[in-house]
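Colleague: What follows is model-v5.cif, mmCIF, C-alpha atoms and all ligand atoms.
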data_coords
loop_
_atom_site.label_atom_id
_atom_site.label_comp_id
_atom_site.auth_asym_id
_atom_site.auth_seq_id
_atom_site.Cartn_x
_atom_site.Cartn_y
_atom_site.Cartn_z
CA MET X 1 -27.62 49.30 49.55
CA THR X 2 -26.58 48.77 45.93
CA THR X 3 -24.14 45.93 45.57
CA LEU X 4 -21.41 45.64 42.98
CA LYS X 5 -22.56 42.24 41.78
CA ASP X 6 -26.13 43.48 41.28
CA ALA X 7 -25.08 46.70 39.58
CA TYR X 8 -23.04 44.66 37.08
CA LYS X 9 -25.20 41.58 36.68
CA ASP X 10 -25.93 42.44 33.04
CA TYR X 11 -22.27 43.19 32.32
CA PHE X 12 -19.70 40.88 33.94
CA TYR X 13 -18.88 39.02 37.14
CA ILE X 14 -17.35 41.16 39.87
CA GLY X 15 -14.65 39.33 41.78
CA ALA X 16 -12.27 39.78 44.67
CA ALA X 17 -9.02 38.11 45.60
CA ALA X 18 -9.23 36.75 49.12
CA ASN X 19 -6.80 34.93 51.35
CA ALA X 20 -7.55 32.44 54.11
CA ARG X 21 -7.65 35.19 56.76
CA GLY X 22 -9.85 37.43 54.59
CA LEU X 23 -12.39 34.66 54.36
CA GLU X 24 -13.01 35.22 58.09
CA THR X 25 -12.39 38.97 58.41
CA HIS X 26 -14.13 40.05 55.19
CA ARG X 27 -16.78 37.35 54.99
CA ASP X 28 -19.80 39.67 54.75
CA LEU X 29 -18.39 41.91 52.05
CA LEU X 30 -17.26 38.91 50.04
CA ALA X 31 -20.61 37.19 50.18
CA THR X 32 -22.76 40.25 49.57
CA GLN X 33 -20.79 42.31 47.06
CA PHE X 34 -18.93 39.85 44.84
CA SER X 35 -19.92 37.18 42.32
CA SER X 36 -16.46 35.71 41.78
CA MET X 37 -13.46 34.86 43.92
CA THR X 38 -9.74 34.22 43.42
CA CYS X 39 -7.33 32.86 46.03
CA GLU X 40 -4.62 35.47 46.52
CA ASN X 41 -1.94 32.86 47.26
CA GLU X 42 -3.60 29.62 48.37
CA MET X 43 -3.70 27.90 44.97
CA LYS X 44 -0.15 28.74 43.89
CA HIS X 45 2.25 25.84 43.36
CA MET X 46 4.19 26.51 46.55
CA SER X 47 0.99 26.68 48.60
CA VAL X 48 -0.42 23.32 47.49
CA ALA X 49 2.59 21.17 46.50
CA LYS X 50 4.27 20.10 49.73
CA ALA X 51 6.79 17.55 48.41
CA PRO X 52 7.21 15.74 45.09
CA GLY X 53 3.84 14.14 44.39
CA GLN X 54 2.38 15.32 47.70
CA TYR X 55 -0.40 17.90 47.80
CA ASP X 56 -2.36 19.64 50.53
CA PHE X 57 -5.50 21.38 49.29
CA THR X 58 -7.10 21.93 52.71
CA VAL X 59 -6.97 25.73 52.71
CA ALA X 60 -7.80 26.13 49.03
CA ASP X 61 -10.75 23.75 49.40
CA LYS X 62 -12.17 25.80 52.25
CA MET X 63 -12.05 28.87 50.05
CA VAL X 64 -13.52 27.14 47.00
CA ASP X 65 -16.33 25.73 49.18
CA PHE X 66 -17.11 29.23 50.43
CA ALA X 67 -17.30 30.54 46.87
CA LYS X 68 -19.59 27.72 45.81
CA GLU X 69 -21.85 28.06 48.87
CA ASN X 70 -22.29 31.70 47.97
CA GLY X 71 -22.97 31.08 44.29
CA MET X 72 -19.72 32.67 43.16
CA GLN X 73 -17.53 31.91 40.17
CA MET X 74 -14.07 30.68 41.09
CA ARG X 75 -10.87 31.68 39.26
CA GLY X 76 -7.93 29.33 39.74
CA HIS X 77 -4.68 31.28 40.18
CA CYS X 78 -2.31 29.96 38.99
CA MET X 79 -0.95 26.78 37.46
CA VAL X 80 2.37 27.87 35.93
CA TRP X 81 4.49 30.78 37.16
CA HIS X 82 8.20 31.50 37.66
CA ALA X 83 7.47 32.74 41.20
CA GLN X 84 6.00 30.99 44.25
CA ALA X 85 6.95 27.58 42.86
CA ALA X 86 8.53 24.99 45.13
CA ARG X 87 12.14 24.24 44.15
CA PHE X 88 11.55 20.53 43.77
CA LEU X 89 9.42 21.35 40.73
CA TYR X 90 12.51 22.34 38.73
CA GLN X 91 15.62 21.53 40.78
CA ASN X 92 17.40 18.37 41.82
CA PRO X 93 18.27 18.02 45.53
CA ASP X 94 21.81 19.32 44.72
CA GLY X 95 20.35 22.55 43.29
CA SER X 96 21.03 21.75 39.63
CA TYR X 97 18.20 22.06 37.12
CA VAL X 98 16.20 18.94 36.22
CA SER X 99 16.15 17.88 32.56
CA ARG X 100 13.63 19.14 29.99
CA GLU X 101 11.86 15.75 30.06
CA THR X 102 11.58 15.83 33.84
CA LEU X 103 10.25 19.40 33.99
CA ILE X 104 7.67 18.64 31.29
CA ALA X 105 6.61 15.55 33.27
CA ASN X 106 6.44 17.61 36.50
CA LEU X 107 4.45 20.33 34.74
CA LYS X 108 1.93 17.85 33.36
CA ALA X 109 1.66 16.06 36.69
CA HIS X 110 0.98 19.35 38.50
CA ILE X 111 -1.66 20.40 35.98
CA HIS X 112 -3.22 16.94 36.21
CA THR X 113 -3.45 16.90 40.02
CA TYR X 114 -4.61 20.51 40.26
CA ALA X 115 -7.19 20.35 37.46
CA GLN X 116 -8.64 17.00 38.57
CA HIS X 117 -8.86 18.14 42.17
CA PHE X 118 -10.85 21.29 41.32
CA LYS X 119 -12.83 19.84 38.42
CA GLY X 120 -16.32 21.32 38.25
CA ARG X 121 -15.53 23.81 41.02
CA VAL X 122 -13.20 26.21 39.20
CA ASN X 123 -14.54 28.11 36.19
CA ALA X 124 -11.36 29.63 34.78
CA TYR X 125 -7.64 29.05 35.29
CA ASP X 126 -4.71 31.37 34.92
CA VAL X 127 -2.79 28.57 33.23
CA VAL X 128 0.36 30.65 32.73
CA ASN X 129 1.14 33.82 34.64
CA GLU X 130 3.57 36.63 33.66
CA ALA X 131 5.66 34.89 30.98
CA ILE X 132 6.55 38.04 29.03
CA ASP X 133 9.67 40.11 29.67
CA ASP X 134 9.08 43.76 30.63
CA LYS X 135 12.16 45.04 28.80
CA ASN X 136 11.77 46.48 25.33
CA GLY X 137 13.12 44.20 22.65
CA LEU X 138 12.87 41.02 24.74
CA PHE X 139 9.95 38.64 24.28
CA LEU X 140 9.59 35.85 26.82
CA ARG X 141 11.01 36.28 30.32
CA ARG X 142 14.07 34.11 31.05
CA SER X 143 13.07 31.79 33.86
CA PHE X 144 13.54 28.17 34.79
CA TRP X 145 10.63 27.45 32.43
CA THR X 146 12.34 28.87 29.36
CA GLU X 147 15.86 27.84 30.46
CA ILE X 148 14.91 24.20 30.96
CA ILE X 149 11.98 23.57 28.61
CA GLY X 150 12.21 26.43 26.12
CA ASP X 151 9.63 28.88 24.79
CA ASP X 152 7.17 26.06 24.08
CA PHE X 153 6.39 25.59 27.80
CA LEU X 154 3.23 27.69 27.33
CA ASP X 155 1.92 25.52 24.48
CA ILE X 156 2.64 22.41 26.54
CA ALA X 157 0.86 23.82 29.60
CA PHE X 158 -2.32 24.93 27.80
CA THR X 159 -2.55 21.71 25.82
CA ALA X 160 -2.19 19.66 29.00
CA ALA X 161 -4.79 21.75 30.86
CA ALA X 162 -7.35 21.37 28.05
CA LEU X 163 -6.86 17.60 28.05
CA GLU X 164 -7.58 17.48 31.78
CA ASP X 165 -10.78 19.51 31.55
CA PRO X 166 -12.30 20.52 28.22
CA ASP X 167 -15.01 22.60 29.96
CA VAL X 168 -12.91 25.01 31.99
CA LYS X 169 -11.71 28.35 30.58
CA LEU X 170 -7.95 28.68 30.14
CA PHE X 171 -6.29 32.08 30.52
CA TYR X 172 -2.93 33.69 29.96
CA ASN X 173 -2.48 36.40 32.66
CA ASP X 174 -0.06 39.36 32.75
CA TYR X 175 0.57 42.87 34.17
CA ASN X 176 1.43 46.31 32.73
CA GLU X 177 -0.78 45.11 29.93
CA TRP X 178 -1.66 48.65 28.81
CA TYR X 179 1.99 49.62 28.13
CA PRO X 180 2.27 49.93 24.33
CA ASP X 181 5.34 47.69 24.03
CA LYS X 182 4.04 45.03 26.39
CA SER X 183 0.56 44.99 24.83
CA GLU X 184 2.16 44.31 21.46
CA LYS X 185 4.04 41.36 22.95
CA ILE X 186 0.94 40.01 24.69
CA GLU X 187 -0.98 40.20 21.41
CA LYS X 188 1.88 38.44 19.61
CA LEU X 189 1.97 35.68 22.21
CA VAL X 190 -1.79 35.03 22.12
CA ARG X 191 -2.04 35.26 18.31
CA GLY X 192 0.83 32.82 17.97
CA MET X 193 -0.91 30.36 20.26
CA LEU X 194 -4.22 30.71 18.42
CA GLU X 195 -2.49 30.22 15.06
CA ARG X 196 -0.84 27.05 16.33
CA GLY X 197 -4.22 25.77 17.51
CA ILE X 198 -3.32 25.95 21.20
CA PRO X 199 -6.49 25.89 23.37
CA ILE X 200 -6.40 29.33 25.01
CA SER X 201 -9.82 30.76 25.83
CA GLY X 202 -9.01 34.04 27.49
CA LEU X 203 -6.60 36.80 28.38
CA GLY X 204 -6.20 37.98 31.98
CA LEU X 205 -5.43 41.68 32.36
CA GLN X 206 -4.06 42.15 35.86
CA SER X 207 -4.76 45.92 35.97
CA HIS X 208 -2.51 47.07 38.81
CA TYR X 209 -2.92 50.80 38.21
CA ASN X 210 -1.93 53.94 40.12
CA VAL X 211 -3.33 57.48 40.13
CA SER X 212 -0.87 58.67 37.46
CA CYS X 213 -2.56 56.24 35.03
CA LEU X 214 -5.29 58.87 34.73
CA ASN X 215 -2.90 60.41 32.19
CA ASP X 216 -2.55 57.09 30.40
CA PHE X 217 -6.12 56.49 29.34
CA ASP X 218 -5.29 56.64 25.64
CA ASN X 219 -2.92 53.71 26.07
CA ILE X 220 -5.41 51.83 28.23
CA ARG X 221 -8.10 52.21 25.61
CA ARG X 222 -5.76 51.27 22.77
CA ALA X 223 -4.81 48.10 24.63
CA TYR X 224 -8.50 47.15 24.99
CA GLU X 225 -9.09 47.81 21.28
CA ARG X 226 -6.15 45.53 20.51
CA TYR X 227 -7.20 42.72 22.85
CA ALA X 228 -10.90 42.87 21.94
CA LYS X 229 -9.93 41.89 18.38
CA LEU X 230 -8.32 38.63 19.54
CA GLY X 231 -11.71 36.93 19.68
CA ILE X 232 -11.18 35.44 23.16
CA ASP X 233 -12.64 36.40 26.55
CA LEU X 234 -11.02 39.17 28.57
CA HIS X 235 -10.91 39.02 32.37
CA VAL X 236 -9.68 41.88 34.52
CA THR X 237 -7.95 39.73 37.11
CA GLU X 238 -6.14 41.83 39.75
CA LEU X 239 -7.57 45.34 39.73
CA ASP X 240 -6.39 48.00 42.17
CA VAL X 241 -5.47 51.70 41.95
CA SER X 242 -2.56 52.79 44.11
CA CYS X 243 -2.98 56.24 45.70
CA PHE X 244 0.67 56.95 45.00
CA ASP X 245 2.03 58.40 41.81
CA PRO X 246 5.35 56.51 41.22
CA GLU X 247 7.14 59.85 41.88
CA ASP X 248 5.37 60.27 45.24
CA LYS X 249 7.86 59.18 47.90
CA ARG X 250 5.83 60.12 51.00
CA THR X 251 5.76 57.37 53.60
CA GLU X 252 4.22 59.19 56.56
CA LEU X 253 0.56 59.39 55.50
CA THR X 254 -1.89 57.72 57.88
CA GLU X 255 -4.87 58.35 55.62
CA PRO X 256 -5.25 59.24 51.95
CA THR X 257 -5.26 62.95 51.05
CA SER X 258 -8.50 64.28 49.54
CA GLU X 259 -6.62 64.66 46.24
CA MET X 260 -5.72 60.94 46.31
CA THR X 261 -9.28 59.91 47.16
CA GLU X 262 -10.66 61.97 44.28
CA LYS X 263 -8.08 60.68 41.79
CA VAL X 264 -8.69 57.04 42.74
CA ALA X 265 -12.45 57.61 42.42
CA LEU X 266 -12.06 59.32 39.06
CA PHE X 267 -9.84 56.55 37.73
CA TYR X 268 -12.35 53.89 38.74
CA GLU X 269 -15.20 55.91 37.25
CA LYS X 270 -13.48 56.26 33.89
CA PHE X 271 -12.18 52.70 33.87
CA PHE X 272 -15.55 51.10 34.57
CA ALA X 273 -17.24 53.35 31.99
CA MET X 274 -14.78 51.93 29.46
CA LEU X 275 -15.25 48.34 30.68
CA ARG X 276 -19.01 48.69 30.25
CA GLU X 277 -18.38 49.55 26.60
CA TYR X 278 -16.52 46.24 26.28
CA LYS X 279 -19.35 44.24 27.81
CA GLY X 280 -19.54 41.00 25.89
CA VAL X 281 -15.75 40.71 25.57
CA VAL X 282 -14.95 41.49 29.21
CA LYS X 283 -16.58 38.67 31.16
CA SER X 284 -15.21 39.17 34.65
CA VAL X 285 -13.62 41.99 36.66
CA THR X 286 -11.74 41.01 39.83
CA PHE X 287 -10.22 43.32 42.44
CA TRP X 288 -6.92 42.29 44.06
CA GLY X 289 -8.32 42.59 47.55
CA ILE X 290 -11.62 43.39 49.27
CA ALA X 291 -11.20 46.47 51.46
CA ASP X 292 -8.38 48.89 52.24
CA ASP X 293 -7.50 47.35 55.62
CA TYR X 294 -5.60 44.63 53.72
CA THR X 295 -3.82 45.11 50.40
CA TRP X 296 -0.55 43.72 49.00
CA LEU X 297 0.25 47.37 48.11
CA ASP X 298 0.96 48.08 51.81
CA ASN X 299 4.24 46.33 51.09
CA PHE X 300 4.85 47.16 47.45
CA PRO X 301 6.79 48.94 46.06
CA VAL X 302 7.54 50.42 49.52
CA ARG X 303 7.52 48.01 52.46
CA GLY X 304 5.18 49.14 55.28
CA ARG X 305 3.71 52.16 53.42
CA LYS X 306 -0.06 52.16 53.85
CA ASN X 307 -2.11 52.35 50.64
CA TRP X 308 -5.85 52.68 49.95
CA PRO X 309 -6.44 51.21 46.47
CA LEU X 310 -9.86 49.49 46.67
CA LEU X 311 -13.57 50.41 46.76
CA PHE X 312 -14.16 49.76 50.49
CA ASP X 313 -12.33 51.60 53.28
CA ILE X 314 -10.44 50.18 56.27
CA ASN X 315 -13.79 49.82 58.10
CA HIS X 316 -15.35 48.00 55.13
CA GLN X 317 -17.54 50.98 54.25
CA PRO X 318 -18.06 52.04 50.61
CA LYS X 319 -15.73 54.83 49.50
CA GLU X 320 -16.39 57.59 46.98
CA ALA X 321 -14.85 55.26 44.36
CA PHE X 322 -17.50 52.63 45.15
CA TRP X 323 -20.36 54.99 44.28
CA ARG X 324 -18.68 56.06 41.05
CA VAL X 325 -18.45 52.40 40.04
CA ALA X 326 -21.80 51.18 41.34
CA GLN X 327 -24.01 54.09 40.23
CA PHE X 328 -23.97 54.75 36.52
O1 LIG T 401 -0.84 39.47 46.52
C1 LIG T 401 0.15 38.46 46.45
C2 LIG T 401 1.11 38.59 47.62
O2 LIG T 401 0.45 38.32 48.84
C3 LIG T 401 2.28 37.64 47.43
O3 LIG T 401 3.24 37.88 48.44
C4 LIG T 401 2.90 37.86 46.06
C5 LIG T 401 4.05 36.91 45.83
O4 LIG T 401 4.68 37.11 44.65
O5 LIG T 401 1.92 37.66 45.06
C6 LIG T 401 0.89 38.59 45.13
O6 LIG T 401 -0.02 38.40 44.07
C7 LIG T 401 0.51 38.60 42.77
C8 LIG T 401 -0.22 37.68 41.83
O7 LIG T 401 -0.12 36.36 42.28
C9 LIG T 401 0.32 37.79 40.42
N1 LIG T 401 0.31 39.16 39.96
C10 LIG T 401 0.90 40.15 40.85
C11 LIG T 401 0.27 40.02 42.25
C12 LIG T 401 0.81 41.13 43.15
O8 LIG T 401 2.19 40.95 43.34
#
What is this structure when it is put down as structure tokens?
Ligand code: 9MR
Modeller:
Amino acid sequence: MTTLKDAYKDYFYIGAAANARGLETHRDLLATQFSSMTCENEMKHMSVAKAPGQYDFTVADKMVDFAKENGMQMRGHCMVWHAQAARFLYQNPDGSYVSRETLIANLKAHIHTYAQHFKGRVNAYDVVNEAIDDKNGLFLRRSFWTEIIGDDFLDIAFTAAALEDPDVKLFYNDYNEWYPDKSEKIEKLVRGMLERGIPISGLGLQSHYNVSCLNDFDNIRRAYERYAKLGIDLHVTELDVSCFDPEDKRTELTEPTSEMTEKVALFYEKFFAMLREYKGVVKSVTFWGIADDYTWLDNFPVRGRKNWPLLFDINHQPKEAFWRVAQF
């Protein structure tokens, strides 16, 4: 059977986000279909930093070893984020914020430990994840990073990461990146960093779509035109296509309707046709999951509502969407 990684070997790496359980349950698909891997949660600050100065990389190492044994690229997700960070990173034991000096020291120490531990085994890092505010008119998201350090926390993080490992690719990663307002802000952020000489080598486009995005292709294309001009690599980092239009409030479906299946397939077909045009700029395309039996979208935005957003079905068989992506 055609595999995704073979079909795209002259275009870009094809990745999947896996978690520790998926490494067992989806082992075959991972090894045969994909040429890159991301840990869904196992490399986040909270997952590896157990106490101040104390790290446990056991689970992440197992996953990185698997990727390497199977000749896959490894994306490191993620060094700096406002979510899934242990409190001791930014709070004193009494709950008050640490000082700017302390948070900068903690940030550099985390980047140091993380980057040195995975040196030579991780090809690209999401150095900073989701720093931009979604609301129109606001630029950076208010978080403990901006409240304590200020807007320069990104520059500090990228500079520190490059000092640790000059060979690894350093990415800024964000979602809703095709929304006109947000894409303008992402461009502004990256251009500002490049102008200041900050070592950023790529932009991560999360790409959490849904079937209504079929009507949004003009914006999607415009965003790619905008980002392609930045002169840095683009990675699609968290691709999935929810079967549910945001207006669709049904919770009782036990399988996707034929209309959903067709719309998901059509979206993937059109999206990959566009990505192929950006071959050379787009270097890697990663799905946020492997097969429909496990997806974070089963609990978002509606807890416990089953979704079917990937290319393989709940039995790990290729779906219609797979063929539209793999045969072109
Ligand atoms: O898929 C991840 C889920 O298992 C976690 O509970 C969640 C915690 O915030 O993070 C999910 O992954 C996110 C990724 O790290 C960053 N972009 C959005 C992803 C989906 O929420």
Colleague: Rounded to one decimal, what separation in Å do you get between CA of Asn315 (chain X) and CA of His235 (chain X)?
Modeller: 28.1 Å
Colleague: Once you add 5 Å to each side, what are the centre and edge lengths of the axis-aligned box holding all listed atoms of ligand LIG 401 (chain T)? One decimal in Å, as AutoDock Vina command-line options, if you can.
Modeller:
--center_x 1.9 --center_y 38.7 --center_z 44.4 --size_x 15.5 --size_y 14.8 --size_z 18.9
Colleague: Neighbours of ligand LIG 401 (chain T) at 9 Å or closer, counting all atoms listed in the file: which residues, as a list of chain:residue names?
Modeller: X:Ala17, X:Asn19, X:Cys39, X:Glu40, X:Asn41, X:Lys44, X:His77, X:Cys78, X:Trp81, X:Ala83, X:Gln84, X:Asn129, X:Glu130, X:Asn173, X:Asp174, X:Tyr175, X:Gln206, X:His208, X:Thr237, X:Glu238, X:Trp288, X:Gly289, X:Thr295, X:Trp296, X:Leu297, X:Asn299, X:Phe300
Colleague: Name the residues in contact with region 118-122 of chain X at a cut-off of 8 Å, using all atoms listed in the file, excluding same-chain residues fewer than 4 positions from it; report them as a list in words.
Modeller: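 Residues meeting the cut-off are Val64, Lys68, Gln73, Met74, Arg75, Gly76, Tyr114, Asp165 and Val168 of chain X.
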Colleague: I need the residue nearest Ser35 (chain X) from this list: X:Asp240, X:Glu69, X:Asp134, X:Asp298. Use all atoms listed in the file for the distance.
Modeller: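 The closest residue to Ser35 (chain X) is X:Glu69.
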Colleague: As an exercise, work out the distance from CA of Leu234 (chain X) to CA of Tyr278 (chain X) in Å and give it to one decimal place.
Modeller: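 One can read the CA of Leu234 (chain X) to CA of Tyr278 (chain X) distance as 9.2 Å.
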Colleague: Residues at most 12 Å from region 138-150 of chain X, counting all atoms listed in the file, excluding those fewer than 2 positions away in the same chain, as a ChimeraX atom specification?
Modeller: /X:80-83,85-91,96-107,128-136,152-157,174,181-189
Colleague: Between CA of Val282 (chain X) and CA of Val127 (chain X), measure the distance and give it in Å to one decimal.
Modeller: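 So the two atoms, CA of Val282 (chain X) and CA of Val127 (chain X), lie 18.2 Å apart.
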Colleague: Given the choices X:Arg191, X:Lys229, X:Lys306, X:Lys319, which gets closest to Tyr268 (chain X) if the distance is worked out from only C-alpha atoms?
Modeller: X:Lys319
Colleague: Between X:Thr254, X:Ile220, X:Gln33, X:Leu170, single out the one closest to Ile198 (chain X), counting only C-alpha atoms.
Modeller: X:Leu170
Colleague: Nearest to Met193 (chain X): which of X:Arg226, X:Pro246, X:Asp218, X:Phe158 is it, counting all atoms listed in the file?
Modeller: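 Answer, going by the shortest atom-to-atom distance: X:Phe158.
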Colleague: Nearest to Asn210 (chain X): which of X:Ala51, X:Leu239, X:Ala124, X:Leu311 is it, counting all atoms listed in the file?
Modeller: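 Closest to Asn210 (chain X), using all atoms listed in the file: X:Leu239.
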Colleague: Between X:Asp292, X:Glu277, X:Glu225, X:Glu164, which is the closest to Ser242 (chain X) once you count only C-alpha atoms?
Modeller: X:Asp292
